[in-house]
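Okay, structure28.pdb now, which holds PDB, C-alpha atoms:
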ATOM      1  CA  GLY A  16      10.561   4.243 107.336
ATOM      2  CA  LEU A  17       7.813   1.757 106.632
ATOM      3  CA  SER A  18       6.815   3.398 103.400
ATOM      4  CA  THR A  19      10.367   3.102 102.056
ATOM      5  CA  PHE A  20      10.505  -0.594 102.987
ATOM      6  CA  ILE A  21       7.206  -1.302 101.276
ATOM      7  CA  GLN A  22       8.409   0.487  98.158
ATOM      8  CA  ILE A  23      11.658  -1.524  98.070
ATOM      9  CA  PHE A  24       9.713  -4.752  98.674
ATOM     10  CA  GLN A  25       7.309  -4.015  95.835
ATOM     11  CA  GLN A  26      10.182  -3.267  93.460
ATOM     12  CA  GLY A  27      11.831  -6.547  94.368
ATOM     13  CA  GLU A  28       8.571  -8.404  93.850
ATOM     14  CA  ILE A  29       8.168  -6.877  90.455
ATOM     15  CA  LEU A  30      11.690  -7.860  89.483
ATOM     16  CA  THR A  31      11.269 -11.447  90.675
ATOM     17  CA  SER A  32       7.849 -11.892  89.062
ATOM     18  CA  LYS A  33       9.092 -10.570  85.673
ATOM     19  CA  PRO A  34      12.551 -11.862  84.769
ATOM     20  CA  ARG A  35      14.802  -9.346  83.120
ATOM     21  CA  LEU A  36      14.455  -9.377  79.291
ATOM     22  CA  PRO A  37      17.358  -9.055  76.908
ATOM     23  CA  SER A  38      18.161  -5.565  75.760
ATOM     24  CA  SER A  39      15.510  -4.375  73.331
ATOM     25  CA  ASP A  40      18.241  -2.897  71.168
ATOM     26  CA  ALA A  41      19.983  -6.277  70.816
ATOM     27  CA  ALA A  42      16.738  -8.056  69.959
ATOM     28  CA  ALA A  43      15.892  -5.421  67.378
ATOM     29  CA  ALA A  44      19.359  -5.732  65.877
ATOM     30  CA  ARG A  45      19.020  -9.518  65.535
ATOM     31  CA  LEU A  46      15.581  -9.140  63.976
ATOM     32  CA  ASP A  47      16.933  -6.544  61.575
ATOM     33  CA  GLU A  48      19.769  -8.889  60.637
ATOM     34  CA  LYS A  49      17.318 -11.712  59.903
ATOM     35  CA  ILE A  50      15.217  -9.391  57.737
ATOM     36  CA  LYS A  51      18.318  -8.348  55.812
ATOM     37  CA  GLU A  52      19.272 -12.006  55.296
ATOM     38  CA  LYS A  53      15.794 -12.838  54.007
ATOM     39  CA  GLU A  54      15.769  -9.806  51.714
ATOM     40  CA  SER A  55      19.223 -10.676  50.401
ATOM     41  CA  GLN A  56      18.089 -14.247  49.679
ATOM     42  CA  ARG A  57      14.927 -12.973  47.995
ATOM     43  CA  ARG A  58      16.944 -10.630  45.795
ATOM     44  CA  SER A  59      19.368 -13.421  44.968
ATOM     45  CA  ASP A  60      16.511 -15.767  43.987
ATOM     46  CA  LEU A  61      14.899 -12.991  41.952
ATOM     47  CA  ARG A  62      18.169 -12.294  40.160
ATOM     48  CA  VAL A  63      18.620 -15.991  39.353
ATOM     49  CA  ASN A  64      15.070 -16.166  37.971
ATOM     50  CA  GLU A  65      15.667 -13.017  35.907
ATOM     51  CA  LEU A  66      18.879 -14.477  34.491
ATOM     52  CA  LEU A  67      17.158 -17.765  33.662
ATOM     53  CA  ALA A  68      14.274 -15.918  31.983
ATOM     54  CA  ALA A  69      16.703 -13.717  30.044
ATOM     55  CA  LYS A  70      18.660 -16.766  28.896
ATOM     56  CA  GLU A  71      15.479 -18.550  27.833
ATOM     57  CA  LYS A  72      14.370 -15.455  25.900
ATOM     58  CA  ALA A  73      17.802 -15.094  24.281
ATOM     59  CA  ASP A  74      17.829 -18.776  23.316
ATOM     60  CA  LYS A  75      14.381 -18.461  21.725
ATOM     61  CA  GLU A  76      15.420 -15.317  19.847
ATOM     62  CA  LEU A  77      18.588 -17.018  18.639
ATOM     63  CA  GLU A  78      16.587 -20.054  17.537
ATOM     64  CA  ALA A  79      14.086 -17.815  15.731
ATOM     65  CA  LYS A  80      16.836 -15.821  14.021
ATOM     66  CA  ASP A  81      18.547 -19.050  12.985
ATOM     67  CA  ALA A  82      15.260 -20.257  11.470
ATOM     68  CA  ALA A  83      14.829 -16.892   9.770
ATOM     69  CA  SER A  84      18.339 -17.014   8.308
ATOM     70  CA  LYS A  85      17.550 -20.436   6.879
ATOM     71  CA  LEU A  86      14.487 -18.950   5.203
ATOM     72  CA  MET A  87      16.817 -16.439   3.539
ATOM     73  CA  ARG A  88      19.206 -19.069   2.233
ATOM     74  CA  ARG A  89      20.691 -18.834  -1.255
ATOM     75  CA  LEU A  90      19.149 -21.012  -3.930
ATOM     76  CA  THR A  91      21.020 -23.972  -5.350
ATOM     77  CA  PRO A  92      21.988 -23.854  -9.051
ATOM     78  CA  GLU A  93      19.141 -26.248  -9.857
ATOM     79  CA  GLU A  94      16.627 -24.089  -7.966
ATOM     80  CA  GLN A  95      17.962 -20.954  -9.640
ATOM     81  CA  GLU A  96      17.377 -22.520 -13.040
ATOM     82  CA  ILE A  97      13.748 -23.293 -12.121
ATOM     83  CA  VAL A  98      13.208 -19.663 -11.077
ATOM     84  CA  THR A  99      14.873 -18.240 -14.181
ATOM     85  CA  ASN A 100      12.803 -20.418 -16.519
ATOM     86  CA  ALA A 101       9.589 -19.505 -14.697
ATOM     87  CA  THR A 102      10.130 -15.740 -14.529
ATOM     88  CA  LYS A 103      12.173 -15.082 -17.672
ATOM     89  CA  GLY A 104      11.408 -18.025 -19.946
ATOM     90  CA  ILE A 105       9.695 -17.674 -23.294
ATOM     91  CA  GLY A 106       6.100 -18.804 -23.784
ATOM     92  CA  PRO A 107       2.469 -17.631 -24.063
ATOM     93  CA  ASP A 108       1.373 -15.200 -21.334
ATOM     94  CA  GLY A 109      -1.626 -17.420 -20.546
ATOM     95  CA  GLU A 110       0.426 -20.595 -20.151
ATOM     96  CA  ILE A 111      -0.256 -22.242 -16.767
ATOM     97  CA  LEU A 112       3.007 -22.790 -14.894
ATOM     98  CA  ALA A 113       1.595 -23.866 -11.519
ATOM     99  CA  ARG A 114      -1.698 -25.381 -10.480
ATOM    100  CA  GLU A 115      -3.281 -26.552  -7.232
ATOM    101  CA  GLY A 116      -6.936 -27.535  -7.366
ATOM    102  CA  ALA A 117      -8.925 -24.663  -8.844
ATOM    103  CA  ASP A 118      -6.021 -22.217  -8.375
ATOM    104  CA  SER A 119      -3.353 -21.570 -10.979
ATOM    105  CA  VAL A 120      -0.582 -19.159 -11.954
ATOM    106  CA  GLN A 121       0.001 -18.000 -15.525
ATOM    107  CA  ARG A 122       3.361 -17.180 -17.069
ATOM    108  CA  ALA A 123       2.458 -13.471 -17.243
ATOM    109  CA  SER A 124       1.899 -13.460 -13.492
ATOM    110  CA  MET A 125       5.201 -15.219 -12.809
ATOM    111  CA  GLN A 126       6.911 -12.451 -14.752
ATOM    112  CA  THR A 127       5.789  -9.948 -12.116
ATOM    113  CA  LEU A 128       8.340 -11.629  -9.847
ATOM    114  CA  ARG A 129      11.099 -10.048 -11.903
ATOM    115  CA  ARG A 130      12.969  -7.196 -10.245
ATOM    116  CA  GLY A 131      11.062  -3.902 -10.156
ATOM    117  CA  GLN A 132       7.617  -5.356 -10.929
ATOM    118  CA  TRP A 133       4.421  -4.920  -8.876
ATOM    119  CA  LEU A 134       3.057  -8.319  -7.792
ATOM    120  CA  ASN A 135      -0.493  -9.121  -8.863
ATOM    121  CA  ASP A 136      -3.144 -10.877  -6.767
ATOM    122  CA  GLU A 137      -2.666 -14.197  -8.590
ATOM    123  CA  ILE A 138       0.885 -14.465  -7.238
ATOM    124  CA  ILE A 139       0.127 -13.293  -3.709
ATOM    125  CA  ASN A 140      -3.020 -15.379  -3.286
ATOM    126  CA  TYR A 141      -1.423 -18.527  -4.687
ATOM    127  CA  PHE A 142       1.665 -18.124  -2.501
ATOM    128  CA  LEU A 143      -0.390 -17.692   0.675
ATOM    129  CA  LYS A 144      -3.349 -19.956   0.044
ATOM    130  CA  ASN A 145      -1.391 -22.876  -1.405
ATOM    131  CA  CYS A 146       2.347 -22.614  -0.689
ATOM    132  CA  LEU A 147       2.245 -21.334   2.897
ATOM    133  CA  ALA A 148      -0.790 -23.450   3.750
ATOM    134  CA  LYS A 149       0.877 -26.634   2.517
ATOM    135  CA  ARG A 150       4.052 -25.920   4.497
ATOM    136  CA  ASP A 151       1.943 -25.184   7.573
ATOM    137  CA  GLU A 152       0.231 -28.559   7.228
ATOM    138  CA  LYS A 153       3.628 -30.279   7.098
ATOM    139  CA  MET A 154       4.881 -28.320  10.119
ATOM    140  CA  CYS A 155       1.856 -29.313  12.193
ATOM    141  CA  SER A 156       2.263 -32.971  11.301
ATOM    142  CA  LYS A 157       5.820 -32.837  12.688
ATOM    143  CA  GLN A 158       5.131 -30.709  15.789
ATOM    144  CA  ALA A 159       2.743 -32.386  18.198
ATOM    145  CA  GLY A 160       0.207 -29.965  19.605
ATOM    146  CA  ARG A 161       0.837 -27.203  17.101
ATOM    147  CA  LYS A 162      -2.403 -25.760  15.773
ATOM    148  CA  ARG A 163      -3.010 -25.177  12.090
ATOM    149  CA  SER A 164      -3.028 -21.710  10.563
ATOM    150  CA  HIS A 165      -5.252 -20.389   7.812
ATOM    151  CA  PHE A 166      -4.335 -18.140   4.912
ATOM    152  CA  PHE A 167      -7.229 -16.224   3.409
ATOM    153  CA  ASN A 168      -6.822 -14.739  -0.047
ATOM    154  CA  SER A 169      -7.121 -10.995  -0.668
ATOM    155  CA  PHE A 170     -10.795 -11.323  -1.599
ATOM    156  CA  PHE A 171     -11.700 -12.146   2.018
ATOM    157  CA  VAL A 172     -11.125  -8.647   3.411
ATOM    158  CA  GLN A 173     -12.337  -7.090   0.151
ATOM    159  CA  THR A 174     -15.605  -9.029   0.409
ATOM    160  CA  MET A 175     -15.935  -8.392   4.140
ATOM    161  CA  PHE A 176     -15.936  -4.654   3.474
ATOM    162  CA  ASP A 177     -18.129  -4.872   0.373
ATOM    163  CA  GLU A 178     -15.500  -3.013  -1.637
ATOM    164  CA  LYS A 179     -16.990  -4.034  -4.992
ATOM    165  CA  ASN A 180     -20.549  -2.956  -4.145
ATOM    166  CA  ASN A 181     -21.980  -0.600  -6.768
ATOM    167  CA  ASN A 182     -23.940   1.189  -4.051
ATOM    168  CA  GLY A 183     -21.686   3.943  -2.745
ATOM    169  CA  ASN A 184     -23.511   3.966   0.584
ATOM    170  CA  LEU A 185     -22.637   0.330   1.204
ATOM    171  CA  ARG A 186     -19.221   0.157  -0.436
ATOM    172  CA  GLY A 187     -16.415  -0.070   2.109
ATOM    173  CA  LYS A 188     -18.677  -0.956   5.025
ATOM    174  CA  TYR A 189     -18.249  -4.095   7.114
ATOM    175  CA  ASN A 190     -20.742  -6.829   6.238
ATOM    176  CA  TYR A 191     -20.468 -10.172   8.041
ATOM    177  CA  LYS A 192     -23.102 -11.812   5.830
ATOM    178  CA  ASN A 193     -20.718 -11.546   2.879
ATOM    179  CA  VAL A 194     -18.121 -13.769   4.562
ATOM    180  CA  LYS A 195     -20.254 -15.855   6.908
ATOM    181  CA  ARG A 196     -19.506 -19.068   5.003
ATOM    182  CA  TRP A 197     -15.755 -18.452   4.637
ATOM    183  CA  GLY A 198     -15.035 -19.889   8.087
ATOM    184  CA  LYS A 199     -16.101 -23.326   6.865
ATOM    185  CA  LYS A 200     -13.026 -23.416   4.610
ATOM    186  CA  VAL A 201     -10.458 -23.226   7.416
ATOM    187  CA  PRO A 202      -8.692 -26.340   8.757
ATOM    188  CA  GLY A 203     -11.050 -28.080  11.172
ATOM    189  CA  LYS A 204     -13.821 -25.665  10.120
ATOM    190  CA  ASP A 205     -13.308 -23.731  13.369
ATOM    191  CA  ILE A 206     -11.376 -20.452  13.283
ATOM    192  CA  PHE A 207     -11.107 -20.490  17.072
ATOM    193  CA  ASN A 208      -8.892 -23.566  16.978
ATOM    194  CA  LEU A 209      -6.225 -21.969  14.790
ATOM    195  CA  LYS A 210      -2.793 -20.468  15.519
ATOM    196  CA  TYR A 211      -2.607 -17.687  12.941
ATOM    197  CA  ILE A 212      -5.184 -16.261  10.552
ATOM    198  CA  VAL A 213      -3.413 -14.400   7.765
ATOM    199  CA  CYS A 214      -5.288 -11.745   5.799
ATOM    200  CA  PRO A 215      -3.623 -10.039   2.810
ATOM    201  CA  ILE A 216      -5.131  -6.633   2.042
ATOM    202  CA  ASN A 217      -5.180  -4.781  -1.284
ATOM    203  CA  LEU A 218      -5.709  -1.058  -0.699
ATOM    204  CA  ASP A 219      -7.489   0.480  -3.721
ATOM    205  CA  ASN A 220      -5.330  -1.503  -6.172
ATOM    206  CA  MET A 221      -2.462   0.745  -5.092
ATOM    207  CA  HIS A 222      -0.763  -0.945  -2.184
ATOM    208  CA  TRP A 223      -0.436  -4.373  -0.540
ATOM    209  CA  THR A 224      -0.556  -4.773   3.247
ATOM    210  CA  SER A 225      -1.671  -7.521   5.620
ATOM    211  CA  ALA A 226      -3.215  -8.168   9.002
ATOM    212  CA  VAL A 227      -2.514 -11.241  11.098
ATOM    213  CA  ILE A 228      -4.831 -12.570  13.788
ATOM    214  CA  PHE A 229      -2.798 -14.237  16.526
ATOM    215  CA  MET A 230      -5.537 -16.478  17.919
ATOM    216  CA  GLU A 231      -3.561 -17.890  20.850
ATOM    217  CA  GLU A 232      -2.245 -14.481  21.905
ATOM    218  CA  LYS A 233      -5.561 -12.705  21.254
ATOM    219  CA  ARG A 234      -3.974 -10.018  19.118
ATOM    220  CA  ILE A 235      -4.666  -8.572  15.667
ATOM    221  CA  GLN A 236      -1.654  -6.812  14.179
ATOM    222  CA  TYR A 237      -1.196  -4.745  11.034
ATOM    223  CA  TYR A 238       1.819  -5.081   8.743
ATOM    224  CA  ASP A 239       2.580  -2.391   6.163
ATOM    225  CA  SER A 240       5.950  -1.887   4.481
ATOM    226  CA  MET A 241       5.097   1.829   4.229
ATOM    227  CA  GLY A 242       4.390   2.048   7.961
ATOM    228  CA  GLY A 243       0.666   2.798   7.784
ATOM    229  CA  THR A 244      -2.255   1.223   9.616
ATOM    230  CA  ASP A 245      -5.837   0.797   8.455
ATOM    231  CA  ARG A 246      -7.548   0.752  11.847
ATOM    232  CA  ARG A 247     -10.916   0.249  10.193
ATOM    233  CA  LYS A 248      -9.675  -3.096   8.913
ATOM    234  CA  LEU A 249      -8.367  -4.087  12.363
ATOM    235  CA  LYS A 250     -11.700  -3.224  13.976
ATOM    236  CA  GLY A 251     -13.530  -5.068  11.189
ATOM    237  CA  LEU A 252     -11.499  -8.236  11.763
ATOM    238  CA  LEU A 253     -12.255  -8.101  15.486
ATOM    239  CA  GLN A 254     -15.929  -7.659  14.683
ATOM    240  CA  TYR A 255     -15.659 -10.673  12.368
ATOM    241  CA  LEU A 256     -14.386 -12.750  15.298
ATOM    242  CA  LYS A 257     -17.305 -11.549  17.434
ATOM    243  CA  ASP A 258     -19.861 -12.341  14.729
ATOM    244  CA  GLU A 259     -18.267 -15.688  13.957
ATOM    245  CA  TYR A 260     -18.244 -16.633  17.640
ATOM    246  CA  ARG A 261     -21.896 -15.687  18.012
ATOM    247  CA  ALA A 262     -22.874 -17.598  14.861
ATOM    248  CA  LYS A 263     -20.799 -20.729  15.493
ATOM    249  CA  LYS A 264     -20.529 -20.906  19.296
ATOM    250  CA  GLY A 265     -23.827 -19.335  20.291
ATOM    251  CA  GLY A 266     -22.234 -16.914  22.737
ATOM    252  CA  GLU A 267     -20.433 -13.598  23.053
ATOM    253  CA  LEU A 268     -16.682 -13.247  22.545
ATOM    254  CA  ASP A 269     -14.963 -11.307  25.339
ATOM    255  CA  THR A 270     -13.207  -8.667  23.255
ATOM    256  CA  GLU A 271     -11.755  -6.999  26.362
ATOM    257  CA  GLU A 272      -9.021  -9.628  26.202
ATOM    258  CA  TRP A 273      -8.115  -8.730  22.630
ATOM    259  CA  GLU A 274      -5.548  -6.193  21.474
ATOM    260  CA  LEU A 275      -5.446  -4.290  18.174
ATOM    261  CA  VAL A 276      -1.845  -3.456  17.251
ATOM    262  CA  ALA A 277      -0.898  -0.827  14.677
ATOM    263  CA  CYS A 278       2.064  -1.351  12.357
ATOM    264  CA  LYS A 279       5.184  -1.196  14.517
ATOM    265  CA  ARG A 280       8.217   0.970  13.874
ATOM    266  CA  ASP A 281      10.485  -2.052  13.477
ATOM    267  CA  THR A 282       8.336  -3.571  10.700
ATOM    268  CA  PRO A 283      10.573  -3.840   7.589
ATOM    269  CA  ARG A 284      10.116  -0.926   5.166
ATOM    270  CA  GLN A 285      10.229  -0.740   1.387
ATOM    271  CA  LEU A 286      12.351   1.975  -0.181
ATOM    272  CA  ASN A 287      10.512   2.186  -3.506
ATOM    273  CA  GLY A 288       7.001   2.165  -4.915
ATOM    274  CA  PHE A 289       6.711  -1.396  -6.238
ATOM    275  CA  ASP A 290       7.910  -3.950  -3.651
ATOM    276  CA  CYS A 291       4.903  -3.848  -1.295
ATOM    277  CA  GLY A 292       3.558  -7.188  -2.541
ATOM    278  CA  VAL A 293       6.875  -8.913  -1.888
ATOM    279  CA  PHE A 294       7.047  -7.486   1.622
ATOM    280  CA  THR A 295       3.479  -8.647   2.258
ATOM    281  CA  CYS A 296       4.323 -12.195   1.170
ATOM    282  CA  MET A 297       7.414 -12.203   3.383
ATOM    283  CA  PHE A 298       5.514 -10.891   6.420
ATOM    284  CA  CYS A 299       3.128 -13.828   6.087
ATOM    285  CA  ASP A 300       5.944 -16.278   5.309
ATOM    286  CA  PHE A 301       8.066 -15.408   8.347
ATOM    287  CA  ILE A 302       5.204 -15.008  10.822
ATOM    288  CA  SER A 303       3.700 -18.373   9.889
ATOM    289  CA  LYS A 304       7.088 -19.940  10.722
ATOM    290  CA  ASP A 305       7.281 -18.098  14.084
ATOM    291  CA  CYS A 306      10.284 -16.158  12.784
ATOM    292  CA  PRO A 307      11.224 -12.520  13.479
ATOM    293  CA  LEU A 308      11.046 -10.187  10.476
ATOM    294  CA  VAL A 309      14.804  -9.990   9.936
ATOM    295  CA  PHE A 310      14.703  -9.140   6.218
ATOM    296  CA  ASN A 311      14.897  -5.687   4.647
ATOM    297  CA  GLN A 312      14.936  -3.976   1.255
ATOM    298  CA  ASP A 313      18.367  -5.450   0.477
ATOM    299  CA  HIS A 314      16.880  -8.970   0.545
ATOM    300  CA  ILE A 315      13.863  -8.329  -1.661
ATOM    301  CA  ASP A 316      15.262  -9.612  -4.960
ATOM    302  CA  GLN A 317      16.184 -12.814  -3.125
ATOM    303  CA  CYS A 318      12.655 -12.890  -1.669
ATOM    304  CA  ARG A 319      11.178 -12.638  -5.175
ATOM    305  CA  GLU A 320      13.134 -15.742  -6.143
ATOM    306  CA  ARG A 321      11.981 -17.482  -2.978
ATOM    307  CA  ILE A 322       8.330 -16.810  -3.853
ATOM    308  CA  ALA A 323       8.850 -17.987  -7.433
ATOM    309  CA  LEU A 324      10.504 -21.253  -6.359
ATOM    310  CA  SER A 325       7.784 -21.890  -3.758
ATOM    311  CA  ILE A 326       5.075 -21.480  -6.399
ATOM    312  CA  MET A 327       6.850 -23.796  -8.823
ATOM    313  CA  LYS A 328       7.214 -26.404  -6.068
ATOM    314  CA  ASN A 329       3.642 -25.830  -4.810
ATOM    315  CA  CYS A 330       4.964 -25.461  -1.271
ATOM    316  CA  ALA A 331       6.827 -22.708   0.558
ATOM    317  CA  ILE A 332      10.485 -23.658   0.672
ATOM    318  CA  GLU A 333      12.237 -24.225   4.003
TER     319      GLU A 333
END
Any chance you could give the structure as structure tokens?
Amino acid sequence: GLSTFIQIFQQGEILTSKPRLPSSDAAAARLDEKIKEKESQRRSDLRVNELLAAKEKADKELEAKDAASKLMRRLTPEEQEIVTNATKGIGPDGEILAREGADSVQRASMQTLRRGQWLNDEIINYFLKNCLAKRDEKMCSKQAGRKRSHFFNSFFVQTMFDEKNNNGNLRGKYNYKNVKRWGKKVPGKDIFNLKYIVCPINLDNMHWTSAVIFMEEKRIQYYDSMGGTDRRKLKGLLQYLKDEYRAKKGGELDTEEWELVACKRDTPRQLNGFDCGVFTCMFCDFISKDCPLVFNQDHIDQCRERIALSIMKNCAIE
């Protein structure tokens, strides 16, 4: 009837006004295929980037280990003779064997570099303040853009914490005023334009450790060949940066960006009670050369000779 005709007409009109679309299943399949292709390409690009990053990291580690192995090189016969004469030669204990400005090293101190001896502060401070500092200056002159590092002596942290104060209530407490002028002695007279700030630490005349401030990485890390960490010292060094920034820059240092790192498990360990000073010197030596700490107790006698030769040459050896 008429109603049926109208219905058929309307259906035909609908079909002619809206052309038939491809199967939705086919369109979805093609879209899914394109998504898979894109995802596959993304994963491929990501894998390539990961491989490139891994290779770059491996190359840097290999380069660092190669530099570290060169630091551990054997001495030449001539160098060995210099070390033997300095550490085992005969002469007055007070005889000066090395001098740089107002700093000096006596024969008695050089003898502490013999096997089994506990290093005194004269050796450690001279090695850091003069030998490592001089090598750092040479490195920076050869590497464009490399920032200088500074090597405080052991009296810096000792003075910062007022450890010689006769007043028991003040002894051992952080005091910025005690070290406020020390920052003027660093290269460029600005601690915030340095690469590393190295701080040897003498714990109660019983043990040598160190803390290193990585200025570019905004990290303060503790190094102890016995595996300990003096967190009070780490917090004190961060407070020193805050106080120094306020005094010299007239602002507030954003300490949220800074990290305090305890002594790590892979930090080389001593296996006796007298080599802590040697380990401390080597921590500072290797770090200041951007080298991984690849030495261990087996290398320590060789490290003692390395320190002795560096002092006699007034510059850390390459």
(message) Taking 4 positions as the minimum chain separation for residues in the same chain, which residues sit within 8 Å of Pro283 of chain A when counting only C-alpha atoms? Answer as a ChimeraX atom specification.
(response) /A:240,294,308-312
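Close contacts of segment 197-211 of chain A, defined as residues with an atom at most 7 Å away when counting all atoms listed in the file, with chain neighbours fewer than 4 positions off set aside, comprise Lys162, Arg163, Ser164, His165, Val227, Ile228, Phe229, Met230 and Glu231 of chain A.
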(message) Would you compute the distance between atom CA of Ala323 of chain A and atom CA of Val98 of chain A? Give it in Å to one decimal.
(response) 5.9 Å
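Put simply, atom CA of Ala69 of chain A is 22.4 Å away from atom CA of Ile302 of chain A.
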(request) Name every residue that the PyMOL selection byres ((chain A and resi 150) around 12) selects in this structure, writing the answer as a PyMOL selection string with chains first and numbers rising. (result) chain A and resi 142-149+151-157+163-166+300-301+303-304+325-326+328-333
(request) Please write the residues picked by the PyMOL selection byres ((chain A and resi 284) around 12) on this file as a ChimeraX atom specification. (result) /A:224,238-243,278-283,285-295,297-298,308-315
(request) List the residues matched by the PyMOL selection byres ((chain A and resi 95-97) around 12) in the displayed structure as a list of chain:residue names, ordered by chain and then by residue number. (result) A:Arg89, A:Leu90, A:Thr91, A:Pro92, A:Glu93, A:Glu94, A:Val98, A:Thr99, A:Asn100, A:Ala101, A:Thr102, A:Lys103, A:Gly104, A:Leu112, A:Met125, A:Gln317, A:Arg319, A:Glu320, A:Arg321, A:Ile322, A:Ala323, A:Leu324, A:Ser325, A:Ile326, A:Met327, A:Lys328
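Those DNA, RNA and protein residues that approach the point (-15.3, -16.5, 2.3) to within 9 Å, considering all atoms listed in the file, are Phe167, Asn168, Phe170, Phe171, Val172, Thr174, Met175, Asn193, Val194, Lys195, Arg196, Trp197, Gly198, Lys199 and Lys200 of chain A.
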Residues near Pro107 of chain A, anyone? I mean within 9 Å using all atoms listed in the file, not counting same-chain ones fewer than 6 positions away, as a compact mmCIF listing (two decimals) with C-alpha atoms, in the coordinates of the input.
# COMPACT_ATOMS: atom_id res chain seq x y z
CA GLN A 121 0.00 -18.00 -15.52
CA ARG A 122 3.36 -17.18 -17.07
CA ALA A 123 2.46 -13.47 -17.24
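Atom CA of Ile235 of chain A is found 7.9 Å from atom CA of Leu252 of chain A.
Counting all atoms listed in the file and comparing A:Arg88, A:Gly266, A:Leu218, A:Tyr191, the residue that lies closest to Leu253 of chain A is A:Tyr191.
Taking all atoms listed in the file, the non-local environment of Pro215 of chain A within 7 Å (same-chain residues fewer than 2 positions away omitted) comprises Asn168, Ser169, Val213, Asn217, Thr224, Ser225 and Ala226 of chain A.
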Once you add 5 Å to each side, what are the centre and edge lengths of the axis-aligned box holding all listed atoms of segment 307-314 of chain A? One decimal in Å, as AutoDock Vina command-line options, if you can.
--center_x 14.7 --center_y -8.2 --center_z 7.0 --size_x 17.3 --size_y 18.5 --size_z 23.0
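Compared by their closest atoms to Trp223 of chain A, and using only C-alpha atoms, the residues A:Asp136, A:Glu259, A:Glu48, A:Glu54 rank with A:Asp136 nearest.
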Find the residues around Glu272 of chain A up to 9 Å (all atoms listed in the file counted), leave out those fewer than 2 positions away in its own chain, and share them as a short mmCIF file (atom, residue, chain, number, x, y, z; two decimals) with C-alpha atoms, in the coordinates of the input.
data_model
loop_
_atom_site.label_atom_id
_atom_site.label_comp_id
_atom_site.auth_asym_id
_atom_site.auth_seq_id
_atom_site.Cartn_x
_atom_site.Cartn_y
_atom_site.Cartn_z
CA LYS A 233 -5.56 -12.70 21.25
CA ARG A 234 -3.97 -10.02 19.12
CA ASP A 269 -14.96 -11.31 25.34
CA THR A 270 -13.21 -8.67 23.26
CA GLU A 274 -5.55 -6.19 21.47
#
